[in-house]
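Remarks on the structure that follows.
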Amino acid sequence: MLVSSVAMLSACSDFFEQESDHVIYADQSHLDNASDTIWSVAGIMNKLQALTDRTVLLGEMRADLMDITDVTNSDLRDVALFNVGDDNRYNQPRDYYAVINNCNYFIANADTALRNNRNQHIFLKEYAAVKAFRAWTYLQLVLNYGQVPFVTEPILTKEAAENYEAAFIAGSNGARKDIAGVCDYFINDLKGLEDVERPGYGTIRNTDSRLFYFPIYVLLGELNLWAGHYRDAAWYYYQYISKRNGLNSSYPTGTNAVSWYNSGGTSWLVTLDAWSSGSFYNESFTRNGELITMMPMDSIPSEGNYSQLRNIFNSTLDNDLLVSAVPSQAMFDLSAAQTYCMVKQEAGAYNRDTTYAPAGLSNHRSGDLRLSAIYSSQSGTYSTSSSSRHIDNYQQIQKYASRNVHLWRRTMVYAHMAEALNAAGFPRFAYALLATGVNNRTLEQDIIPYYPADSTWLRRFDFPTTEYVLATWLGSNLNENTQGLHNRGCGFSPANKYYRLPDQPGAPEREAVLDSLGNLKGYIYPVETAERVALQQEGVEKMLIDELGLEFAFEGQRYYDLMRFALRRGEPAFLAERIYNRRGAEGYDGLKAEIEATGHSLYDTRNWYLKWQGKIGY
């Protein structure tokens, strides 16, 4: 059975210290039985839990869409202001290396050659899952520290630690890697494991255990996206979509949205939310479920791996109803800047009447409706077991109603695929994913003809029209299951005159060719110049960064999104200006001065990353 330990190391102990349970391994030289193997995987997942809250908070509090409050603890406040010291609780690289070292041990010792009486590999699922754990952990580590000590062999002795430390200090033998180096290593490391199924240990604490793992196709999409291999990234995301439910299957976006209720007129009073329930509350593994990967957390603080996110974002008895993180002014501005498009059917007719929601509506319901669906803030008198008092901000962010933390979901795969396609030079494909949704008819009519030199590659993306049925303005087809991502909060985007593919003024569009009876025979397509494609890419990139904020606000992705876009553009101001504008135009100068007063100007990319004791980071 598991649970031996090794002695404390004196060298390199900052990263590889061997506390009583720091590295868990079998007494034998190989993990060659089910008990050792399964419990080793469980031990790694236990150490991953320690990274979960940190992953979300480092991804949100340093970005532009959340802000601190008067009761925010000093460590989290310093994160938000880019003034993180060595003793900050969110700056503990050893926790990442605890996961990595355990993964390295498992990978080195698991006996993957064992087969059962049906000649099937016994531990291959666990082996692939642990390789994915290691890749994901290294990606989080390098995104937060910029350059990191890199080791893929288990360090279990003082001598091994000292040898590694010497190599790291000398910068030799690949002992340190930056983002590109980490991504390229694991892109190669994971190849061949893409189609290995996730382990399935049934239901654990009422949750399907298949949701505890990182699908390798999605992970390869993420690694290639960060590495700048955009065609490969798009293809890996598509591979997940096309194979998630088995061969010849589909995984459409769904048509869940937050919408205005319309019964012949528009009162702008009542909204219908079919978005948040499907996106955040359902933790089952179903054919078209939104959730892909979550981290299961404990239900009470005394159990050790209890997520504090619900107490940081929501008013609870545990925080005396006082929250530590609130949506920023930039979040409110981003949501209000969108234009909600409603297409109504007049009574007894099929005439379309397109209207747009007005500005100035209460409860953040002007613009995109997703913010109002998951965020609420009220003031009033609230009672606890010990007192009754006035609270100015009783806040609820519904994305953190569960004890578990959701990390990846279906919409992220589609959004990141759109980002990759746009960066690869196919802005029309990316725009279609945002505005209309995609099936093979869309590909053949609205995308492929504009890129004739790449038609063979683009046709690899197969979205059968019978499996991916696009939403219409009437919504009368019960089989509709695909829509543009922007529709989830902004109405029917294909009819929205304010949500169009950016292009040159007067640029030619396709020309319809009719037969003698007036029937459509086909289209004549204009040639897309490099200048025109570049202009479209720039505009779609703006749509994408906004959409990522609207859809994934507060989920821990925003800072990394800003960083990825800024690095791709070679433009530090892309990140800096948005973060300095966290408190809106009136607070811009003050926040910029506060951050830069610590010597951490965000125009210098070295200040985007954490540092620790001069041993990690820039």
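Residues are referred to by chain and number: the chain letter is A, B, ... according to the order shown in the structure tokens, the number counts from 1 in that chain, and ligands are numbered separately from 1 in the order shown.
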
Picked from stretch 149-327 of chain A by DSSP as alpha helix (DSSP H), as an mmCIF file with N, CA and C atoms, in the first residue's frame:
data_model
loop_
_atom_site.group_PDB
_atom_site.id
_atom_site.type_symbol
_atom_site.label_atom_id
_atom_site.label_comp_id
_atom_site.auth_asym_id
_atom_site.auth_seq_id
_atom_site.Cartn_x
_atom_site.Cartn_y
_atom_site.Cartn_z
ATOM 1 N N LYS A 158 18.641 13.560 -1.013
ATOM 2 C CA LYS A 158 19.414 14.798 -0.875
ATOM 3 C C LYS A 158 20.382 14.968 -2.049
ATOM 4 N N GLU A 159 21.018 13.872 -2.459
ATOM 5 C CA GLU A 159 21.971 13.949 -3.564
ATOM 6 C C GLU A 159 21.294 14.376 -4.856
ATOM 7 N N ALA A 160 20.131 13.819 -5.139
ATOM 8 C CA ALA A 160 19.408 14.188 -6.359
ATOM 9 C C ALA A 160 19.025 15.656 -6.334
ATOM 10 N N ALA A 161 18.603 16.144 -5.178
ATOM 11 C CA ALA A 161 18.233 17.555 -5.073
ATOM 12 C C ALA A 161 19.434 18.454 -5.293
ATOM 13 N N GLU A 162 20.572 18.089 -4.721
ATOM 14 C CA GLU A 162 21.769 18.916 -4.882
ATOM 15 C C GLU A 162 22.238 18.926 -6.330
ATOM 16 N N ASN A 163 22.183 17.778 -6.989
ATOM 17 C CA ASN A 163 22.571 17.714 -8.403
ATOM 18 C C ASN A 163 21.663 18.576 -9.254
ATOM 19 N N TYR A 164 20.359 18.513 -8.955
ATOM 20 C CA TYR A 164 19.427 19.324 -9.725
ATOM 21 C C TYR A 164 19.652 20.804 -9.455
ATOM 22 N N GLU A 165 19.874 21.149 -8.179
ATOM 23 C CA GLU A 165 20.086 22.551 -7.831
ATOM 24 C C GLU A 165 21.302 23.108 -8.562
ATOM 25 N N ALA A 166 22.361 22.332 -8.658
ATOM 26 C CA ALA A 166 23.565 22.792 -9.362
ATOM 27 C C ALA A 166 23.268 23.014 -10.834
ATOM 28 N N ALA A 167 22.502 22.106 -11.432
ATOM 29 C CA ALA A 167 22.145 22.263 -12.849
ATOM 30 C C ALA A 167 21.263 23.480 -13.055
ATOM 31 N N PHE A 168 20.366 23.720 -12.116
ATOM 32 C CA PHE A 168 19.471 24.869 -12.248
ATOM 33 C C PHE A 168 20.248 26.181 -12.142
ATOM 34 N N ILE A 169 21.128 26.259 -11.155
ATOM 35 C CA ILE A 169 21.913 27.487 -10.970
ATOM 36 C C ILE A 169 22.779 27.752 -12.200
ATOM 37 N N ALA A 170 23.316 26.684 -12.767
ATOM 38 C CA ALA A 170 24.159 26.833 -13.962
ATOM 39 C C ALA A 170 23.336 27.076 -15.216
ATOM 40 N N ILE A 179 7.667 30.039 -20.785
ATOM 41 C CA ILE A 179 6.355 29.557 -21.214
ATOM 42 C C ILE A 179 6.465 28.723 -22.485
ATOM 43 N N ALA A 180 7.205 29.230 -23.465
ATOM 44 C CA ALA A 180 7.330 28.495 -24.726
ATOM 45 C C ALA A 180 7.994 27.153 -24.505
ATOM 46 N N GLY A 181 9.028 27.118 -23.660
ATOM 47 C CA GLY A 181 9.734 25.871 -23.412
ATOM 48 C C GLY A 181 8.871 24.839 -22.722
ATOM 49 N N VAL A 182 8.098 25.273 -21.728
ATOM 50 C CA VAL A 182 7.190 24.354 -21.027
ATOM 51 C C VAL A 182 6.142 23.815 -21.996
ATOM 52 N N CYS A 183 5.550 24.701 -22.778
ATOM 53 C CA CYS A 183 4.493 24.269 -23.701
ATOM 54 C C CYS A 183 5.029 23.281 -24.728
ATOM 55 N N ASP A 184 6.159 23.588 -25.328
ATOM 56 C CA ASP A 184 6.702 22.701 -26.356
ATOM 57 C C ASP A 184 7.070 21.340 -25.768
ATOM 58 N N TYR A 185 7.600 21.314 -24.557
ATOM 59 C CA TYR A 185 7.944 20.027 -23.945
ATOM 60 C C TYR A 185 6.701 19.151 -23.778
ATOM 61 N N PHE A 186 5.635 19.733 -23.242
ATOM 62 C CA PHE A 186 4.468 18.904 -22.935
ATOM 63 C C PHE A 186 3.605 18.617 -24.162
ATOM 64 N N ILE A 187 3.716 19.445 -25.185
ATOM 65 C CA ILE A 187 3.056 19.091 -26.448
ATOM 66 C C ILE A 187 3.619 17.763 -26.953
ATOM 67 N N ASN A 188 4.922 17.618 -26.873
ATOM 68 C CA ASN A 188 5.545 16.363 -27.300
ATOM 69 C C ASN A 188 5.298 15.241 -26.303
ATOM 70 N N ASP A 189 5.290 15.586 -25.021
ATOM 71 C CA ASP A 189 5.146 14.574 -23.980
ATOM 72 C C ASP A 189 3.776 13.900 -24.005
ATOM 73 N N LEU A 190 2.761 14.630 -24.410
ATOM 74 C CA LEU A 190 1.392 14.106 -24.357
ATOM 75 C C LEU A 190 0.952 13.438 -25.654
ATOM 76 N N ILE A 216 -6.885 15.356 -22.580
ATOM 77 C CA ILE A 216 -5.605 15.685 -23.204
ATOM 78 C C ILE A 216 -5.789 16.503 -24.474
ATOM 79 N N TYR A 217 -6.864 16.279 -25.230
ATOM 80 C CA TYR A 217 -7.087 17.102 -26.414
ATOM 81 C C TYR A 217 -7.229 18.581 -26.029
ATOM 82 N N VAL A 218 -7.972 18.867 -24.962
ATOM 83 C CA VAL A 218 -8.127 20.265 -24.532
ATOM 84 C C VAL A 218 -6.806 20.804 -24.022
ATOM 85 N N LEU A 219 -6.089 19.994 -23.243
ATOM 86 C CA LEU A 219 -4.798 20.429 -22.715
ATOM 87 C C LEU A 219 -3.819 20.725 -23.845
ATOM 88 N N LEU A 220 -3.804 19.902 -24.880
ATOM 89 C CA LEU A 220 -2.943 20.177 -26.035
ATOM 90 C C LEU A 220 -3.391 21.437 -26.769
ATOM 91 N N GLY A 221 -4.691 21.699 -26.797
ATOM 92 C CA GLY A 221 -5.159 22.957 -27.356
ATOM 93 C C GLY A 221 -4.616 24.141 -26.585
ATOM 94 N N GLU A 222 -4.675 24.068 -25.251
ATOM 95 C CA GLU A 222 -4.170 25.157 -24.418
ATOM 96 C C GLU A 222 -2.663 25.341 -24.593
ATOM 97 N N LEU A 223 -1.919 24.262 -24.579
ATOM 98 C CA LEU A 223 -0.462 24.361 -24.726
ATOM 99 C C LEU A 223 -0.076 24.954 -26.076
ATOM 100 N N ASN A 224 -0.749 24.533 -27.125
ATOM 101 C CA ASN A 224 -0.445 25.078 -28.452
ATOM 102 C C ASN A 224 -0.895 26.526 -28.582
ATOM 103 N N LEU A 225 -1.990 26.889 -27.938
ATOM 104 C CA LEU A 225 -2.447 28.281 -27.975
ATOM 105 C C LEU A 225 -1.404 29.189 -27.331
ATOM 106 N N TRP A 226 -0.878 28.787 -26.161
ATOM 107 C CA TRP A 226 0.143 29.591 -25.500
ATOM 108 C C TRP A 226 1.451 29.584 -26.276
ATOM 109 N N ALA A 227 1.759 28.473 -26.945
ATOM 110 C CA ALA A 227 3.013 28.385 -27.689
ATOM 111 C C ALA A 227 2.955 29.119 -29.013
ATOM 112 N N TYR A 230 -1.081 28.102 -33.727
ATOM 113 C CA TYR A 230 -2.514 28.361 -33.717
ATOM 114 C C TYR A 230 -3.328 27.341 -34.502
ATOM 115 N N ARG A 231 -2.832 26.892 -35.634
ATOM 116 C CA ARG A 231 -3.577 25.871 -36.365
ATOM 117 C C ARG A 231 -3.660 24.583 -35.555
ATOM 118 N N ASP A 232 -2.560 24.220 -34.935
ATOM 119 C CA ASP A 232 -2.567 23.011 -34.109
ATOM 120 C C ASP A 232 -3.522 23.173 -32.930
ATOM 121 N N ALA A 233 -3.524 24.355 -32.317
ATOM 122 C CA ALA A 233 -4.429 24.595 -31.190
ATOM 123 C C ALA A 233 -5.877 24.425 -31.622
ATOM 124 N N ALA A 234 -6.245 25.075 -32.732
ATOM 125 C CA ALA A 234 -7.626 24.983 -33.213
ATOM 126 C C ALA A 234 -8.011 23.536 -33.498
ATOM 127 N N TRP A 235 -7.074 22.793 -34.086
ATOM 128 C CA TRP A 235 -7.368 21.409 -34.438
ATOM 129 C C TRP A 235 -7.553 20.534 -33.196
ATOM 130 N N TYR A 236 -6.736 20.743 -32.179
ATOM 131 C CA TYR A 236 -6.903 19.951 -30.959
ATOM 132 C C TYR A 236 -8.220 20.276 -30.255
ATOM 133 N N TYR A 237 -8.616 21.547 -30.227
ATOM 134 C CA TYR A 237 -9.923 21.880 -29.640
ATOM 135 C C TYR A 237 -11.037 21.184 -30.419
ATOM 136 N N TYR A 238 -10.937 21.248 -31.746
ATOM 137 C CA TYR A 238 -11.961 20.583 -32.559
ATOM 138 C C TYR A 238 -11.967 19.074 -32.302
ATOM 139 N N GLN A 239 -10.785 18.488 -32.176
ATOM 140 C CA GLN A 239 -10.717 17.054 -31.921
ATOM 141 C C GLN A 239 -11.462 16.689 -30.640
ATOM 142 N N TYR A 240 -11.332 17.531 -29.612
ATOM 143 C CA TYR A 240 -12.080 17.253 -28.382
ATOM 144 C C TYR A 240 -13.575 17.340 -28.638
ATOM 145 N N ILE A 241 -13.997 18.397 -29.328
ATOM 146 C CA ILE A 241 -15.417 18.570 -29.612
ATOM 147 C C ILE A 241 -15.968 17.374 -30.389
ATOM 148 N N SER A 242 -15.217 16.908 -31.366
ATOM 149 C CA SER A 242 -15.721 15.864 -32.251
ATOM 150 C C SER A 242 -15.653 14.472 -31.635
ATOM 151 N N LYS A 243 -14.796 14.288 -30.605
ATOM 152 C CA LYS A 243 -14.616 12.953 -30.039
ATOM 153 C C LYS A 243 -15.076 12.831 -28.598
ATOM 154 N N SER A 276 -27.145 30.295 -16.661
ATOM 155 C CA SER A 276 -26.358 29.987 -15.469
ATOM 156 C C SER A 276 -26.640 28.592 -14.941
ATOM 157 N N LEU A 309 -13.252 30.228 -1.858
ATOM 158 C CA LEU A 309 -13.724 31.141 -2.889
ATOM 159 C C LEU A 309 -15.134 31.635 -2.621
ATOM 160 N N ARG A 310 -16.012 30.749 -2.145
ATOM 161 C CA ARG A 310 -17.393 31.188 -1.890
ATOM 162 C C ARG A 310 -17.435 32.242 -0.796
ATOM 163 N N ASN A 311 -16.472 32.198 0.148
ATOM 164 C CA ASN A 311 -16.442 33.194 1.220
ATOM 165 C C ASN A 311 -15.698 34.461 0.813
ATOM 166 N N ILE A 312 -14.908 34.394 -0.233
ATOM 167 C CA ILE A 312 -14.240 35.589 -0.755
ATOM 168 C C ILE A 312 -15.181 36.371 -1.662
ATOM 169 N N PHE A 313 -15.991 35.647 -2.458
ATOM 170 C CA PHE A 313 -16.850 36.290 -3.448
ATOM 171 C C PHE A 313 -18.277 36.525 -2.958
#

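Using only C-alpha atoms, the residues found no farther than 9 Å from A:His600, other than those of its own chain fewer than 6 positions away, are Leu81, Phe82, Asn83, Arg606, Asn607 and Trp608 of chain A.
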
Residues from last step as file, C-alpha atoms, as a PDB file, in the first residue's frame:
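For reference, part04.pdb as written:
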ATOM      1  CA  LEU A  81      -1.730  45.601  -6.549  1.00  0.00           C
ATOM      2  CA  PHE A  82       1.185  43.536  -7.934  1.00  0.00           C
ATOM      3  CA  ASN A  83       3.193  43.817  -4.740  1.00  0.00           C
ATOM      4  CA  ARG A 606       8.879  41.133 -16.072  1.00  0.00           C
ATOM      5  CA  ASN A 607       6.456  42.619 -13.547  1.00  0.00           C
ATOM      6  CA  TRP A 608       3.609  40.453 -14.802  1.00  0.00           C
TER       7      TRP A 608
END

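Restricting the calculation to only C-alpha atoms, the smallest distance between A:Asn481 and any of A:Leu369, A:Ala424, A:Ala257, A:Leu269 is found for A:Ala257.
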
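With only C-alpha atoms taken into account, the protein and nucleic acid residues at most 7 Å from A:Arg582 (excluding it and anything under 4 positions from it in its own chain) are Asp64, Leu65, Ser328, Gln329, Ala330 and Arg578 of chain A.
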
*Find the residues near A:Thr529: any atom within 12 Å, counting only C-alpha atoms, skip ones fewer than 3 places away on the same chain, and give them as a ChimeraX atom specification.*
/A:425,450-451,503-504,507-508,526,532-536

*asked:* At a cut-off of 12 Å, using only C-alpha atoms, what residues contact A:Leu610? Leave out same-chain residues fewer than 4 positions from it and give the result as a ChimeraX atom specification.
replied: /A:58,62,78-79,82-88,90-93,140-148,600,605-606,614-618

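Put simply, atom CA of A:Gln398 is 28.2 Å away from atom CA of A:Asn245.
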
*Hey, which of A:Gln557, A:Asn422, A:Asn305, A:Asn288 ends up closest to A:Thr255? Count only C-alpha atoms.*
A:Asn288

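Using only C-alpha atoms, the smallest distance between any of A:Thr286, A:Ser277, A:Ser455, A:Ser74 and A:Lys399 comes from A:Ser277.
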
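Counting from atom CA of A:Thr354, the distance to atom CA of A:Leu443 is 26.1 Å.
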
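Minimum atom-to-atom distance to A:Gln537, evaluated using only C-alpha atoms, belongs to A:Glu419 out of A:Asp53, A:Glu419, A:Asp353, A:Asp273.
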